[in-house]
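Here's entry.pdb, which has PDB, C-alpha atoms and all ligand atoms:
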ATOM      1  CA  MET A 158     -11.902  86.446  48.486
ATOM      2  CA  GLN A 159     -12.018  90.228  48.311
ATOM      3  CA  ILE A 160     -15.612  91.358  48.781
ATOM      4  CA  ILE A 161     -17.088  94.853  48.400
ATOM      5  CA  VAL A 162     -20.120  95.410  50.653
ATOM      6  CA  SER A 163     -22.355  98.482  50.445
ATOM      7  CA  GLY A 164     -24.542  99.303  53.443
ATOM      8  CA  ALA A 165     -21.799  97.819  55.616
ATOM      9  CA  ALA A 166     -22.622  99.980  58.651
ATOM     10  CA  GLY A 167     -26.251  98.889  58.711
ATOM     11  CA  PHE A 168     -27.781  96.241  60.938
ATOM     12  CA  ILE A 169     -27.514  93.360  58.456
ATOM     13  CA  GLY A 170     -24.497  94.758  56.579
ATOM     14  CA  SER A 171     -22.340  94.907  59.696
ATOM     15  CA  HIS A 172     -23.221  91.333  60.703
ATOM     16  CA  PHE A 173     -22.437  90.184  57.174
ATOM     17  CA  CYS A 174     -19.015  91.899  57.343
ATOM     18  CA  ASP A 175     -18.308  90.120  60.655
ATOM     19  CA  TYR A 176     -19.259  86.817  59.035
ATOM     20  CA  LEU A 177     -17.006  87.376  56.004
ATOM     21  CA  LEU A 178     -14.023  88.457  58.116
ATOM     22  CA  ALA A 179     -14.446  85.420  60.390
ATOM     23  CA  ARG A 180     -14.064  83.265  57.261
ATOM     24  CA  GLY A 181     -10.838  84.984  56.306
ATOM     25  CA  HIS A 182     -12.141  87.172  53.485
ATOM     26  CA  VAL A 183     -11.043  90.750  52.854
ATOM     27  CA  VAL A 184     -13.870  93.301  53.056
ATOM     28  CA  VAL A 185     -14.057  96.700  51.410
ATOM     29  CA  ALA A 186     -16.996  98.327  53.187
ATOM     30  CA  LEU A 187     -19.061 101.257  51.896
ATOM     31  CA  ASP A 188     -21.665 103.310  53.740
ATOM     32  CA  ASN A 189     -22.840 106.925  53.821
ATOM     33  CA  PHE A 190     -24.355 106.632  57.344
ATOM     34  CA  LEU A 191     -27.773 107.823  56.197
ATOM     35  CA  THR A 192     -29.343 105.124  58.361
ATOM     36  CA  GLY A 193     -26.273 103.029  59.190
ATOM     37  CA  SER A 194     -24.151 103.718  62.235
ATOM     38  CA  ALA A 195     -20.380 103.987  62.744
ATOM     39  CA  ALA A 196     -20.859 102.167  66.060
ATOM     40  CA  ASN A 197     -21.928  99.015  64.175
ATOM     41  CA  ILE A 198     -18.486  98.681  62.594
ATOM     42  CA  GLY A 199     -16.393 100.397  65.307
ATOM     43  CA  HIS A 200     -15.026  97.038  66.481
ATOM     44  CA  LEU A 201     -13.645  96.402  62.972
ATOM     45  CA  ALA A 202     -11.709  99.660  62.645
ATOM     46  CA  SER A 203      -8.306  98.060  63.267
ATOM     47  CA  HIS A 204      -9.062  94.720  61.606
ATOM     48  CA  PRO A 205      -6.313  94.155  58.990
ATOM     49  CA  HIS A 206      -8.801  92.787  56.430
ATOM     50  CA  PHE A 207     -11.421  95.506  56.842
ATOM     51  CA  HIS A 208     -11.243  98.682  54.781
ATOM     52  CA  PHE A 209     -13.941 101.301  55.141
ATOM     53  CA  ILE A 210     -14.835 103.989  52.601
ATOM     54  CA  GLU A 211     -17.500 106.575  53.449
ATOM     55  CA  GLN A 212     -19.444 106.646  50.206
ATOM     56  CA  ASP A 213     -22.932 107.430  48.976
ATOM     57  CA  ILE A 214     -23.333 104.829  46.216
ATOM     58  CA  THR A 215     -25.851 106.977  44.334
ATOM     59  CA  LYS A 216     -22.929 109.305  43.494
ATOM     60  CA  PRO A 217     -20.221 108.237  41.015
ATOM     61  CA  PHE A 218     -17.347 106.411  42.736
ATOM     62  CA  SER A 219     -14.606 103.897  42.176
ATOM     63  CA  VAL A 220     -12.962 101.285  44.372
ATOM     64  CA  GLU A 221      -9.284 100.412  43.917
ATOM     65  CA  GLY A 222      -8.024  96.882  43.543
ATOM     66  CA  PRO A 223      -9.582  93.601  42.499
ATOM     67  CA  ALA A 224     -12.827  92.144  43.813
ATOM     68  CA  ASP A 225     -14.375  88.694  43.674
ATOM     69  CA  CYS A 226     -17.835  89.686  44.887
ATOM     70  CA  VAL A 227     -19.869  92.880  45.055
ATOM     71  CA  VAL A 228     -22.659  92.755  47.630
ATOM     72  CA  ASN A 229     -25.291  95.493  47.498
ATOM     73  CA  MET A 230     -26.907  95.883  50.918
ATOM     74  CA  ALA A 231     -27.345  99.667  50.999
ATOM     75  CA  SER A 232     -30.832 101.020  51.651
ATOM     76  CA  PRO A 233     -32.996 102.455  54.394
ATOM     77  CA  ALA A 234     -34.940  99.358  55.435
ATOM     78  CA  SER A 235     -37.370 100.087  58.251
ATOM     79  CA  PRO A 236     -40.754 101.612  57.359
ATOM     80  CA  LYS A 237     -39.915 104.661  59.504
ATOM     81  CA  ASP A 238     -36.540 105.141  57.791
ATOM     82  CA  TYR A 239     -37.821 104.821  54.262
ATOM     83  CA  LEU A 240     -40.831 107.028  54.977
ATOM     84  CA  ASP A 241     -38.376 109.641  56.337
ATOM     85  CA  HIS A 242     -36.159 109.225  53.232
ATOM     86  CA  PRO A 243     -38.432 108.211  50.335
ATOM     87  CA  ILE A 244     -36.372 109.809  47.567
ATOM     88  CA  GLU A 245     -33.029 108.564  48.874
ATOM     89  CA  THR A 246     -34.604 105.087  49.128
ATOM     90  CA  LEU A 247     -35.693 105.159  45.477
ATOM     91  CA  GLU A 248     -32.303 106.526  44.432
ATOM     92  CA  VAL A 249     -30.255 103.929  46.266
ATOM     93  CA  GLY A 250     -32.343 101.048  44.896
ATOM     94  CA  SER A 251     -32.103 102.341  41.333
ATOM     95  CA  ILE A 252     -29.016 104.525  40.754
ATOM     96  CA  GLY A 253     -27.092 102.968  43.648
ATOM     97  CA  THR A 254     -27.814  99.438  42.490
ATOM     98  CA  GLN A 255     -26.750 100.277  38.943
ATOM     99  CA  HIS A 256     -23.472 101.738  40.218
ATOM    100  CA  MET A 257     -22.802  98.547  42.177
ATOM    101  CA  LEU A 258     -23.662  96.411  39.131
ATOM    102  CA  GLU A 259     -21.223  98.456  37.015
ATOM    103  CA  LEU A 260     -18.595  97.988  39.712
ATOM    104  CA  ALA A 261     -19.115  94.217  39.540
ATOM    105  CA  ARG A 262     -18.806  94.319  35.746
ATOM    106  CA  GLU A 263     -15.634  96.370  35.867
ATOM    107  CA  LYS A 264     -14.064  93.959  38.379
ATOM    108  CA  ALA A 265     -15.454  90.833  36.634
ATOM    109  CA  ALA A 266     -16.885  89.990  40.049
ATOM    110  CA  ARG A 267     -20.087  88.221  41.012
ATOM    111  CA  PHE A 268     -22.914  90.390  42.358
ATOM    112  CA  LEU A 269     -25.433  89.821  45.135
ATOM    113  CA  LEU A 270     -28.488  92.006  45.746
ATOM    114  CA  THR A 271     -30.274  92.028  49.083
ATOM    115  CA  SER A 272     -33.930  92.392  48.187
ATOM    116  CA  THR A 273     -36.949  92.021  50.403
ATOM    117  CA  SER A 274     -40.203  90.262  51.153
ATOM    118  CA  GLU A 275     -41.749  93.711  50.541
ATOM    119  CA  CYS A 276     -41.557  92.763  46.839
ATOM    120  CA  TYR A 277     -44.621  90.629  47.632
ATOM    121  CA  GLY A 278     -46.418  93.711  49.015
ATOM    122  CA  ASP A 279     -49.607  92.796  50.899
ATOM    123  CA  PRO A 280     -49.484  89.218  49.649
ATOM    124  CA  LEU A 281     -52.528  87.392  48.350
ATOM    125  CA  GLU A 282     -50.583  84.101  48.340
ATOM    126  CA  HIS A 283     -49.547  82.563  51.623
ATOM    127  CA  PRO A 284     -46.892  81.527  52.441
ATOM    128  CA  GLN A 285     -44.890  83.435  49.854
ATOM    129  CA  THR A 286     -42.926  81.460  47.278
ATOM    130  CA  GLU A 287     -40.373  83.095  45.009
ATOM    131  CA  THR A 288     -42.634  82.579  41.991
ATOM    132  CA  TYR A 289     -45.338  84.879  43.438
ATOM    133  CA  TRP A 290     -45.320  88.274  41.661
ATOM    134  CA  GLY A 291     -46.693  90.237  44.571
ATOM    135  CA  ASN A 292     -49.476  92.679  45.383
ATOM    136  CA  VAL A 293     -47.800  96.076  45.638
ATOM    137  CA  ASN A 294     -49.436  99.510  45.686
ATOM    138  CA  PRO A 295     -47.133 101.449  43.319
ATOM    139  CA  ILE A 296     -48.119 104.875  44.694
ATOM    140  CA  GLY A 297     -48.680 104.188  48.400
ATOM    141  CA  PRO A 298     -46.353 105.366  51.175
ATOM    142  CA  ARG A 299     -44.412 102.078  51.177
ATOM    143  CA  SER A 300     -43.928 102.149  47.408
ATOM    144  CA  CYS A 301     -40.638 104.050  47.708
ATOM    145  CA  TYR A 302     -39.133 100.904  49.246
ATOM    146  CA  ASP A 303     -41.122  98.188  47.495
ATOM    147  CA  GLU A 304     -40.721  99.615  43.999
ATOM    148  CA  SER A 305     -37.096 100.555  44.591
ATOM    149  CA  LYS A 306     -36.315  96.924  45.468
ATOM    150  CA  ARG A 307     -38.438  95.618  42.592
ATOM    151  CA  PHE A 308     -36.498  97.889  40.228
ATOM    152  CA  ALA A 309     -33.246  96.686  41.827
ATOM    153  CA  GLU A 310     -34.256  93.082  41.125
ATOM    154  CA  ALA A 311     -35.238  93.957  37.549
ATOM    155  CA  ILE A 312     -31.963  95.727  36.754
ATOM    156  CA  THR A 313     -29.982  92.916  38.383
ATOM    157  CA  MET A 314     -31.690  90.390  36.095
ATOM    158  CA  ALA A 315     -31.133  92.721  33.115
ATOM    159  CA  TYR A 316     -27.379  92.868  33.846
ATOM    160  CA  HIS A 317     -27.347  89.094  34.146
ATOM    161  CA  ARG A 318     -29.181  88.615  30.851
ATOM    162  CA  ARG A 319     -27.528  91.428  28.899
ATOM    163  CA  HIS A 320     -23.969  91.228  30.254
ATOM    164  CA  GLY A 321     -23.760  87.671  31.578
ATOM    165  CA  LEU A 322     -22.996  88.986  35.075
ATOM    166  CA  ARG A 323     -23.134  86.278  37.752
ATOM    167  CA  THR A 324     -25.886  87.559  40.008
ATOM    168  CA  ASN A 325     -27.813  86.439  43.093
ATOM    169  CA  ILE A 326     -30.930  87.971  44.641
ATOM    170  CA  VAL A 327     -31.946  87.277  48.226
ATOM    171  CA  ARG A 328     -35.430  88.241  49.441
ATOM    172  CA  ILE A 329     -35.003  88.960  53.130
ATOM    173  CA  PHE A 330     -37.940  88.528  55.498
ATOM    174  CA  ASN A 331     -38.267  90.232  58.916
ATOM    175  CA  THR A 332     -34.927  89.898  60.681
ATOM    176  CA  TYR A 333     -33.934  90.908  64.204
ATOM    177  CA  GLY A 334     -30.897  90.957  66.462
ATOM    178  CA  PRO A 335     -28.335  93.220  68.099
ATOM    179  CA  ARG A 336     -27.473  96.453  66.214
ATOM    180  CA  MET A 337     -31.033  97.197  65.169
ATOM    181  CA  LYS A 338     -31.673 100.856  65.878
ATOM    182  CA  LEU A 339     -33.664 101.386  69.042
ATOM    183  CA  ASP A 340     -35.742 104.078  67.338
ATOM    184  CA  ASP A 341     -36.102 102.640  63.830
ATOM    185  CA  GLY A 342     -39.799 102.007  64.428
ATOM    186  CA  ARG A 343     -39.713  98.303  63.650
ATOM    187  CA  VAL A 344     -41.724  96.069  65.879
ATOM    188  CA  VAL A 345     -38.848  94.202  67.544
ATOM    189  CA  PRO A 346     -36.906  97.263  68.783
ATOM    190  CA  ALA A 347     -40.158  99.141  69.470
ATOM    191  CA  PHE A 348     -41.657  96.438  71.720
ATOM    192  CA  LEU A 349     -38.356  95.652  73.443
ATOM    193  CA  ASP A 350     -37.616  99.305  74.138
ATOM    194  CA  GLN A 351     -41.146  99.859  75.441
ATOM    195  CA  ALA A 352     -41.127  96.691  77.575
ATOM    196  CA  LEU A 353     -37.726  97.417  79.094
ATOM    197  CA  ARG A 354     -38.905 100.911  80.039
ATOM    198  CA  GLY A 355     -42.169  99.549  81.444
ATOM    199  CA  GLU A 356     -44.101 101.570  78.876
ATOM    200  CA  PRO A 357     -47.164 100.303  76.967
ATOM    201  CA  LEU A 358     -46.524  98.157  73.885
ATOM    202  CA  THR A 359     -47.966  99.890  70.823
ATOM    203  CA  VAL A 360     -49.806  97.305  68.721
ATOM    204  CA  TYR A 361     -50.890  98.739  65.379
ATOM    205  CA  GLY A 362     -54.386  97.810  64.225
ATOM    206  CA  ASN A 363     -55.899  94.895  66.148
ATOM    207  CA  GLY A 364     -52.615  92.975  66.027
ATOM    208  CA  SER A 365     -53.976  90.191  63.812
ATOM    209  CA  GLN A 366     -51.412  90.873  61.076
ATOM    210  CA  THR A 367     -48.658  88.251  61.011
ATOM    211  CA  ARG A 368     -44.882  88.286  60.633
ATOM    212  CA  SER A 369     -42.158  85.625  60.849
ATOM    213  CA  PHE A 370     -38.948  86.650  62.612
ATOM    214  CA  CYS A 371     -35.491  85.411  61.640
ATOM    215  CA  TYR A 372     -32.396  85.849  63.805
ATOM    216  CA  VAL A 373     -29.619  87.745  62.047
ATOM    217  CA  SER A 374     -26.974  84.977  62.301
ATOM    218  CA  ASP A 375     -29.290  82.617  60.404
ATOM    219  CA  LEU A 376     -29.873  85.268  57.762
ATOM    220  CA  VAL A 377     -26.175  86.003  57.085
ATOM    221  CA  GLU A 378     -25.435  82.273  56.829
ATOM    222  CA  GLY A 379     -28.155  81.958  54.195
ATOM    223  CA  ILE A 380     -26.907  84.994  52.271
ATOM    224  CA  TYR A 381     -23.352  83.638  52.260
ATOM    225  CA  ARG A 382     -24.472  80.249  50.951
ATOM    226  CA  LEU A 383     -26.492  81.944  48.230
ATOM    227  CA  MET A 384     -23.494  84.090  47.250
ATOM    228  CA  LEU A 385     -21.468  80.931  46.631
ATOM    229  CA  SER A 386     -24.266  79.263  44.672
ATOM    230  CA  GLY A 387     -24.997  79.486  40.965
ATOM    231  CA  GLU A 388     -28.654  80.452  41.527
ATOM    232  CA  ARG A 389     -29.689  83.491  39.473
ATOM    233  CA  TYR A 390     -33.334  83.781  40.519
ATOM    234  CA  PRO A 391     -34.509  85.195  43.861
ATOM    235  CA  VAL A 392     -34.312  83.045  46.983
ATOM    236  CA  ASN A 393     -36.332  83.707  50.159
ATOM    237  CA  ILE A 394     -34.315  83.752  53.367
ATOM    238  CA  GLY A 395     -36.377  84.012  56.528
ATOM    239  CA  ASN A 396     -37.822  82.048  59.390
ATOM    240  CA  PRO A 397     -41.191  80.457  58.626
ATOM    241  CA  CYS A 398     -42.236  80.534  62.299
ATOM    242  CA  GLU A 399     -45.247  82.877  61.924
ATOM    243  CA  MET A 400     -47.174  84.696  64.658
ATOM    244  CA  THR A 401     -49.602  87.566  64.947
ATOM    245  CA  ILE A 402     -48.246  90.881  66.204
ATOM    246  CA  LEU A 403     -50.546  90.598  69.234
ATOM    247  CA  GLU A 404     -49.058  87.173  70.023
ATOM    248  CA  PHE A 405     -45.610  88.687  69.618
ATOM    249  CA  ALA A 406     -46.481  91.517  72.039
ATOM    250  CA  ARG A 407     -47.700  88.989  74.645
ATOM    251  CA  HIS A 408     -44.546  86.963  74.080
ATOM    252  CA  ILE A 409     -42.377  90.018  74.760
ATOM    253  CA  GLN A 410     -44.378  90.732  77.934
ATOM    254  CA  ARG A 411     -43.714  87.192  79.193
ATOM    255  CA  LEU A 412     -40.067  87.103  78.148
ATOM    256  CA  THR A 413     -39.090  90.437  79.679
ATOM    257  CA  GLY A 414     -41.264  89.818  82.758
ATOM    258  CA  MET A 415     -42.328  93.450  82.528
ATOM    259  CA  ARG A 416     -45.891  94.450  83.266
ATOM    260  CA  SER A 417     -46.296  96.713  80.222
ATOM    261  CA  LYS A 418     -49.867  97.103  79.012
ATOM    262  CA  ILE A 419     -50.827  96.759  75.371
ATOM    263  CA  VAL A 420     -52.258  99.847  73.655
ATOM    264  CA  TYR A 421     -53.739  99.854  70.178
ATOM    265  CA  GLN A 422     -52.801 102.456  67.583
ATOM    266  CA  PRO A 423     -53.917 102.919  63.960
ATOM    267  CA  LEU A 424     -52.584 100.449  61.416
ATOM    268  CA  PRO A 425     -50.194 102.176  58.965
ATOM    269  CA  GLU A 426     -51.427 102.412  55.359
ATOM    270  CA  ASP A 427     -50.717  99.318  53.226
ATOM    271  CA  ASP A 428     -49.346  97.371  56.200
ATOM    272  CA  PRO A 429     -49.127  93.753  54.929
ATOM    273  CA  LYS A 430     -51.719  91.546  56.643
ATOM    274  CA  GLN A 431     -49.673  88.368  56.574
ATOM    275  CA  ARG A 432     -46.119  87.334  55.824
ATOM    276  CA  ARG A 433     -44.340  83.995  56.003
ATOM    277  CA  PRO A 434     -41.585  82.779  53.742
ATOM    278  CA  ASP A 435     -41.788  79.496  51.923
ATOM    279  CA  ILE A 436     -38.161  78.410  52.282
ATOM    280  CA  SER A 437     -38.344  75.168  50.288
ATOM    281  CA  LYS A 438     -36.008  76.634  47.686
ATOM    282  CA  ALA A 439     -33.347  77.683  50.216
ATOM    283  CA  ARG A 440     -33.623  74.264  51.879
ATOM    284  CA  SER A 441     -33.136  72.269  48.696
ATOM    285  CA  LEU A 442     -30.732  74.600  46.900
ATOM    286  CA  LEU A 443     -28.525  75.808  49.765
ATOM    287  CA  GLY A 444     -29.148  73.176  52.437
ATOM    288  CA  TRP A 445     -30.131  76.134  54.607
ATOM    289  CA  GLU A 446     -32.771  76.561  57.245
ATOM    290  CA  PRO A 447     -32.926  78.706  60.378
ATOM    291  CA  ALA A 448     -31.257  77.254  63.462
ATOM    292  CA  VAL A 449     -32.009  79.890  66.116
ATOM    293  CA  PRO A 450     -35.416  79.717  67.853
ATOM    294  CA  LEU A 451     -37.127  83.013  68.681
ATOM    295  CA  ASP A 452     -36.376  83.006  72.416
ATOM    296  CA  GLU A 453     -32.730  82.150  71.848
ATOM    297  CA  GLY A 454     -32.350  85.046  69.406
ATOM    298  CA  LEU A 455     -34.293  87.473  71.562
ATOM    299  CA  LYS A 456     -31.905  86.975  74.531
ATOM    300  CA  PRO A 457     -28.833  88.690  72.988
ATOM    301  CA  THR A 458     -31.176  91.206  71.350
ATOM    302  CA  ILE A 459     -32.646  92.164  74.724
ATOM    303  CA  GLU A 460     -29.143  92.390  76.233
ATOM    304  CA  TYR A 461     -28.119  94.691  73.404
ATOM    305  CA  PHE A 462     -31.079  97.019  73.911
ATOM    306  CA  GLN A 463     -30.494  97.004  77.678
ATOM    307  CA  SER A 464     -26.887  98.096  77.073
ATOM    308  CA  LEU A 465     -28.100 100.930  74.817
ATOM    309  CA  GLN A 466     -30.572 102.117  77.437
ATOM    310  CA  VAL A 467     -27.893 102.075  80.142
ATOM    311  CA  SER A 468     -25.506 104.129  78.010
ATOM    312  CA  ALA A 469     -28.270 106.550  76.898
TER     313      ALA A 469
HETATM  314  N1  LIG A 501     -45.959  97.203  64.474
HETATM  315  C1  LIG A 501     -46.721  97.375  65.633
HETATM  316  N2  LIG A 501     -46.240  98.248  66.589
HETATM  317  C2  LIG A 501     -45.059  98.918  66.446
HETATM  318  C3  LIG A 501     -44.293  98.713  65.273
HETATM  319  C4  LIG A 501     -44.782  97.846  64.304
HETATM  320  O1  LIG A 501     -47.784  96.783  65.805
HETATM  321  O2  LIG A 501     -44.700  99.681  67.370
HETATM  322  C5  LIG A 501     -46.455  96.266  63.465
HETATM  323  C6  LIG A 501     -46.509  96.834  62.035
HETATM  324  O3  LIG A 501     -47.718  97.517  61.821
HETATM  325  C7  LIG A 501     -46.385  95.569  61.216
HETATM  326  C8  LIG A 501     -45.515  94.651  62.072
HETATM  327  O4  LIG A 501     -45.569  95.178  63.398
HETATM  328  O5  LIG A 501     -47.650  94.969  61.044
HETATM  329  C9  LIG A 501     -44.058  94.602  61.613
HETATM  330  O6  LIG A 501     -43.636  95.928  61.456
HETATM  331  P1  LIG A 501     -42.132  96.305  61.138
HETATM  332  O7  LIG A 501     -42.088  97.791  61.005
HETATM  333  O8  LIG A 501     -41.224  95.671  62.123
HETATM  334  O9  LIG A 501     -41.792  95.607  59.756
HETATM  335  P2  LIG A 501     -42.598  95.378  58.381
HETATM  336  O10 LIG A 501     -42.782  93.914  58.338
HETATM  337  O11 LIG A 501     -43.912  96.096  58.421
HETATM  338  O12 LIG A 501     -41.680  95.914  57.358
END

Write-out of the structure in structure tokens:
Amino acid sequence: MQIIVSGAAGFIGSHFCDYLLARGHVVVALDNFLTGSAANIGHLASHPHFHFIEQDITKPFSVEGPADCVVNMASPASPKDYLDHPIETLEVGSIGTQHMLELAREKAARFLLTSTSECYGDPLEHPQTETYWGNVNPIGPRSCYDESKRFAEAITMAYHRRHGLRTNIVRIFNTYGPRMKLDDGRVVPAFLDQALRGEPLTVYGNGSQTRSFCYVSDLVEGIYRLMLSGERYPVNIGNPCEMTILEFARHIQRLTGMRSKIVYQPLPEDDPKQRRPDISKARSLLGWEPAVPLDEGLKPTIEYFQSLQVSA
């Protein structure tokens, strides 16, 4: 297949491109490097099936040639990145998503949107099933991301209903692995960077908030299976193995063998108190479930961050 991927130089986008190329597909990759990095796709530069176009998808653009699938992965995705770029985040989820939907229509291609567990906001239902409508503050600091993705889901469903476009929506839960940005503020790179430097681990609030961490290879496998499915409604992809952030900090201390202390800092506004995907739908529909346990996924992640620190 020929597959157009936006956000291809991002953490998840670049792993998804690797996955597609390994299966023999041709990839046309788009990114404007707002938060993505050329280094994430540097190894693909001479790949015969990989074609990169530097493109901001919120601006009008066209892509030559046929396409079987259009995959919209472009967006700032860490709280720090979307708080630094709130308007760009809203634009890419709305205008950018519509441009990618139009591209899929023009090519008569199927369309996949990467959405997020942030659609559930600070969830009042636990674990989160796809039928839960969420608890989102529409004007809080995180709203630029949450509402942008909720709009992206809404317009994707509208294109499906109005134009009969074949669409998929994946709701991605916390994912980690090599190629995360060391300074993107998310808890996995933050704690690993701090631990490897022997600096204190910064736990926000009292650390009782929970998250469930999925290794990136499991995520891209789930996204690929969804892309080949006929499912039109959102599907959660994530690892249901839930822990508190304090437990995660202690785990990182043990795993790295570093004697970093834990320091407590204020909890960011609207920080979700709990998050765990219900993956029953992905299990039954896609035959998918995560295969990589936390420690196994953290090993290559730690090696990656060590290599960044050495080269810094
Ligand atoms: N967090 C933390 N210390 C940090 C970075 C994050 O305690 O240095 C917490 C954050 O408040 C949240 C959780 O870790 O409760 C996950 O944060 P992240 O930014 O990775 O992703 P989120 O799930 O909030 O989008």

From the list A:Val249, A:Leu455, A:Val162, A:Ala231, the nearest residue to His208 (chain A) using all atoms listed in the file is A:Val162

Which residues are near ligand LIG 501 (chain A) in this structure, taking near to mean any atom at most 7 Å from a ligand atom and counting all atoms listed in the file? Format them as an NGL selection string. :A and (235-236 or 331 or 342-345 or 347-348 or 358-362 or 364 or 366-368 or 402 or 424-425 or 428-430)

Å distance separating CA of Leu339 (chain A) from CA of Asn229 (chain A), one decimal place: 23.9 Å

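The gap separating CA of His317 (chain A) from CA of Phe268 (chain A) is 9.4 Å, in Å to one decimal.
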
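The smallest atom-to-atom distance between Tyr372 (chain A) and any of A:Arg354, A:Arg336, A:Arg262, A:His408, using only C-alpha atoms, is found for A:Arg336.
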
Which is closest to Ser374 (chain A) among A:Gly170, A:Gly414, A:Gly278, A:Gly193, if we use only C-alpha atoms? A:Gly170

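Considering all atoms listed in the file, the residue among A:Asp241, A:Glu446, A:Glu453, A:Glu211 positioned nearest to Pro298 (chain A) is A:Asp241.
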
Mind pulling up the distance from CA of Pro346 (chain A) to CA of Leu412 (chain A)?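 Separation of CA of Leu412 (chain A) and CA of Pro346 (chain A): 14.2 Å.
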
Rebuild region 206-211 of chain A to all heavy atoms - output it as a PDB file, in the frame of the given file, please.
ATOM      1  N   HIS A 206      -8.115  93.131  57.688  1.00  0.00           N
ATOM      2  CA  HIS A 206      -8.801  92.787  56.430  1.00  0.00           C
ATOM      3  C   HIS A 206     -10.045  93.630  56.177  1.00  0.00           C
ATOM      4  O   HIS A 206     -10.840  93.316  55.302  1.00  0.00           O
ATOM      5  CB  HIS A 206      -9.198  91.296  56.427  1.00  0.00           C
ATOM      6  CG  HIS A 206      -8.029  90.373  56.345  1.00  0.00           C
ATOM      7  ND1 HIS A 206      -8.108  89.036  56.622  1.00  0.00           N
ATOM      8  CD2 HIS A 206      -6.736  90.610  56.009  1.00  0.00           C
ATOM      9  CE1 HIS A 206      -6.924  88.486  56.473  1.00  0.00           C
ATOM     10  NE2 HIS A 206      -6.071  89.424  56.106  1.00  0.00           N
ATOM     11  N   PHE A 207     -10.217  94.681  56.980  1.00  0.00           N
ATOM     12  CA  PHE A 207     -11.421  95.506  56.842  1.00  0.00           C
ATOM     13  C   PHE A 207     -11.039  96.918  56.422  1.00  0.00           C
ATOM     14  O   PHE A 207     -10.249  97.584  57.088  1.00  0.00           O
ATOM     15  CB  PHE A 207     -12.171  95.549  58.188  1.00  0.00           C
ATOM     16  CG  PHE A 207     -13.480  96.291  58.125  1.00  0.00           C
ATOM     17  CD1 PHE A 207     -14.604  95.714  57.563  1.00  0.00           C
ATOM     18  CD2 PHE A 207     -13.586  97.582  58.639  1.00  0.00           C
ATOM     19  CE1 PHE A 207     -15.820  96.396  57.515  1.00  0.00           C
ATOM     20  CE2 PHE A 207     -14.791  98.273  58.591  1.00  0.00           C
ATOM     21  CZ  PHE A 207     -15.915  97.672  58.023  1.00  0.00           C
ATOM     22  N   HIS A 208     -11.573  97.352  55.311  1.00  0.00           N
ATOM     23  CA  HIS A 208     -11.243  98.682  54.781  1.00  0.00           C
ATOM     24  C   HIS A 208     -12.542  99.429  54.551  1.00  0.00           C
ATOM     25  O   HIS A 208     -13.378  98.985  53.757  1.00  0.00           O
ATOM     26  CB  HIS A 208     -10.471  98.548  53.474  1.00  0.00           C
ATOM     27  CG  HIS A 208      -9.318  97.608  53.590  1.00  0.00           C
ATOM     28  ND1 HIS A 208      -8.158  97.925  54.243  1.00  0.00           N
ATOM     29  CD2 HIS A 208      -9.195  96.322  53.177  1.00  0.00           C
ATOM     30  CE1 HIS A 208      -7.350  96.884  54.221  1.00  0.00           C
ATOM     31  NE2 HIS A 208      -7.945  95.896  53.585  1.00  0.00           N
ATOM     32  N   PHE A 209     -12.680 100.555  55.235  1.00  0.00           N
ATOM     33  CA  PHE A 209     -13.941 101.301  55.141  1.00  0.00           C
ATOM     34  C   PHE A 209     -13.796 102.549  54.272  1.00  0.00           C
ATOM     35  O   PHE A 209     -12.821 103.285  54.384  1.00  0.00           O
ATOM     36  CB  PHE A 209     -14.430 101.713  56.538  1.00  0.00           C
ATOM     37  CG  PHE A 209     -15.739 102.453  56.468  1.00  0.00           C
ATOM     38  CD1 PHE A 209     -16.913 101.757  56.217  1.00  0.00           C
ATOM     39  CD2 PHE A 209     -15.786 103.835  56.584  1.00  0.00           C
ATOM     40  CE1 PHE A 209     -18.121 102.433  56.101  1.00  0.00           C
ATOM     41  CE2 PHE A 209     -16.987 104.514  56.463  1.00  0.00           C
ATOM     42  CZ  PHE A 209     -18.160 103.811  56.225  1.00  0.00           C
ATOM     43  N   ILE A 210     -14.775 102.765  53.404  1.00  0.00           N
ATOM     44  CA  ILE A 210     -14.835 103.989  52.601  1.00  0.00           C
ATOM     45  C   ILE A 210     -16.197 104.629  52.839  1.00  0.00           C
ATOM     46  O   ILE A 210     -17.224 103.974  52.611  1.00  0.00           O
ATOM     47  CB  ILE A 210     -14.680 103.687  51.085  1.00  0.00           C
ATOM     48  CG1 ILE A 210     -13.396 102.905  50.809  1.00  0.00           C
ATOM     49  CG2 ILE A 210     -14.727 104.965  50.263  1.00  0.00           C
ATOM     50  CD1 ILE A 210     -13.309 102.344  49.380  1.00  0.00           C
ATOM     51  N   GLU A 211     -16.212 105.884  53.307  1.00  0.00           N
ATOM     52  CA  GLU A 211     -17.500 106.575  53.449  1.00  0.00           C
ATOM     53  C   GLU A 211     -17.963 107.001  52.069  1.00  0.00           C
ATOM     54  O   GLU A 211     -17.305 107.821  51.413  1.00  0.00           O
ATOM     55  CB  GLU A 211     -17.367 107.787  54.391  1.00  0.00           C
ATOM     56  CG  GLU A 211     -18.726 108.399  54.661  1.00  0.00           C
ATOM     57  CD  GLU A 211     -18.716 109.391  55.825  1.00  0.00           C
ATOM     58  OE1 GLU A 211     -17.762 109.384  56.630  1.00  0.00           O
ATOM     59  OE2 GLU A 211     -19.671 110.179  55.904  1.00  0.00           O
TER      60      GLU A 211
END
